[in-house]
Amino acid sequence: MQGESRGINHLEGITCPSIESLSINLRDLSEERIDEILGVVPTGYAETEKGVDYIYVIQVPDQQTKLVATLTTQLTRARRTANDYPRLNGENKETVTLYVGRSKTLRARLKQHLGAEGRGVYSLHLQRWATGNDAEISVFIMKFDGAEDLLVQAVEDGLWASLKPAFGRKGVR
């Protein structure tokens with residue numbers, strides 16, 4: 001029961017973070033535009049960012065499940081040419097969520113997802129295969145400063161379970 005009490009104390013200590021958002025059109029995924037958009041995103045390397053975790057959700061606009069189907073087809077083709085793309089979640093057909101993730105170095109991680117960099121690292125690498133789509137995507141970001149690792153993981157897992165992303169995997173760090 002002592003461990004249970006400790007968990008409750010950590011749960012009571014967490015506050016719902018504000019949600020920041022970024023938007024970009026898939027056709028605008030040039031290196032320069034990605035750098036411009038991500039310029040406002042924390043790097044995770046500053047002294048003031050130690051102990052900070054970020055959970056991020058990448059989505060298409062509401063009611064755009066057909067766009068997700070198109071992107072799924074395009075990613076399926078791209079996966080034939082490289083092995084560093086995320087897994088496809090075929091059971092999540094009616095979703096507008098592309099990906100749910102967590103990172104301490106948010107800017108670098110989002111650059112992997114939006115750009116073509118980071119070969120060998122599992123990420124969306126949207127610049128490689130999705131720029132033919134004239135469609136907006138949004139990245140929603142939640143900051144957890146000093147929160148217990150298991151609590152942040154529980155939030156990420158809960159979001160994954162409820163949003164049912166089309167790509168990526170649910171997993172413990």
# chains A, B, ... in the order shown; residues from 1 in each chain; ligands from 1

$ select_by_dssp --residues "segment 36-117 of chain A" --states "alpha helix (DSSP H)" --output "JSON, numbers by chain"
{"A": [36, 37, 38, 65, 66, 67, 68, 69, 70, 71, 72, 73, 74, 75, 76, 77, 78, 106, 107, 108, 109, 110, 111, 112, 113, 114]}

$ residues_around --residues "Gly51 of chain A" --least-positions-apart "2" --cutoff "10 Å" --atoms "only C-alpha atoms" --output "list in words"
Gly44, Glu47, Thr48, Glu49, Asp53, Lys104, Phe144, Asp145, Gly146, Ala147, Glu148 and Asp149 of chain A

$ write_last_selection --atoms "C-alpha atoms" --output "short mmCIF file (atom, residue, chain, number, x, y, z; two decimals), in the first residue's frame"
data_model
loop_
_atom_site.label_atom_id
_atom_site.label_comp_id
_atom_site.auth_asym_id
_atom_site.auth_seq_id
_atom_site.Cartn_x
_atom_site.Cartn_y
_atom_site.Cartn_z
CA GLY A 44 15.44 20.02 -24.83
CA GLU A 47 19.62 23.85 -18.68
CA THR A 48 16.07 25.07 -17.99
CA GLU A 49 14.69 22.14 -20.02
CA ASP A 53 9.10 15.68 -21.19
CA LYS A 104 12.79 15.11 -24.24
CA PHE A 144 5.42 18.00 -18.54
CA ASP A 145 8.01 19.72 -16.34
CA GLY A 146 9.39 17.47 -13.60
CA ALA A 147 6.54 14.95 -13.84
CA GLU A 148 7.15 11.35 -12.82
CA ASP A 149 8.16 9.19 -15.79
#

$ select_by_dssp --residues "segment 100-158 of chain A" --states "strand (DSSP E or B)" --output "list in words"
Val100, Gly101, Arg102, Ser103, Glu136, Ile137, Ser138, Val139, Phe140, Ile141, Met142, Lys143, Phe144 and Asp145 of chain A

$ closest_residue --among "A:Ser23, A:Asn133, A:Gln64, A:Gln153" --to "Thr95 of chain A" --atoms "only C-alpha atoms"
A:Gln64

$ atom_distance --atom1 "atom CA of Thr43 of chain A" --atom2 "atom CA of Arg119 of chain A"
19.5 Å

$ closest_residue --among "A:Lys143, A:His125, A:Lys170, A:Arg107" --to "Gly39 of chain A" --atoms "only C-alpha atoms"
A:Arg107

$ residues_around --residues "Gly115 of chain A" --least-positions-apart "2" --cutoff "7 Å" --atoms "only C-alpha atoms" --output "PyMOL selection string"
chain A and resi 29+31+111-113+117+125-127

$ residues_around --residues "Val60 of chain A" --least-positions-apart "2" --cutoff "7 Å" --atoms "only C-alpha atoms" --output "number ranges by chain"
A: 62, 64, 96-97, 136-138

$ closest_atom_pairs --of "segment 94-138 of chain A" --to "segment 74-83 of chain A" --cutoff "9 Å" --atoms "only C-alpha atoms" --output "CSV"
residue,atom,partner,partner_atom,distance
A:Arg119,CA,A:Ala82,CA,8.9
A:Gly120,CA,A:Asn83,CA,7.5
A:Tyr122,CA,A:Asn83,CA,8.2
A:Leu124,CA,A:Leu75,CA,8.5
A:Leu126,CA,A:Leu75,CA,8.9
A:Arg128,CA,A:Ala78,CA,8.2
A:Trp129,CA,A:Ala78,CA,6.5
A:Ala130,CA,A:Gln74,CA,7.2

$ closest_residue --among "A:Arg102, A:Leu114, A:Thr15, A:Lys93" --to "Asp157 of chain A" --atoms "only C-alpha atoms"
A:Arg102

$ closest_residue --among "A:Glu91, A:Thr105, A:Ile34, A:Cys16" --to "Ala46 of chain A" --atoms "only C-alpha atoms"
A:Thr105

$ residues_around --residues "Val57 of chain A" --least-positions-apart "2" --cutoff "9 Å" --atoms "only C-alpha atoms" --output "PyMOL selection string"
chain A and resi 55+59+97-102+138-142+159+165

$ atom_distance --atom1 "atom CA of Val68 of chain A" --atom2 "atom CA of Asp35 of chain A"
24.6 Å

$ atom_distance --atom1 "atom CA of Asp84 of chain A" --atom2 "atom CA of Thr72 of chain A"
15.3 Å
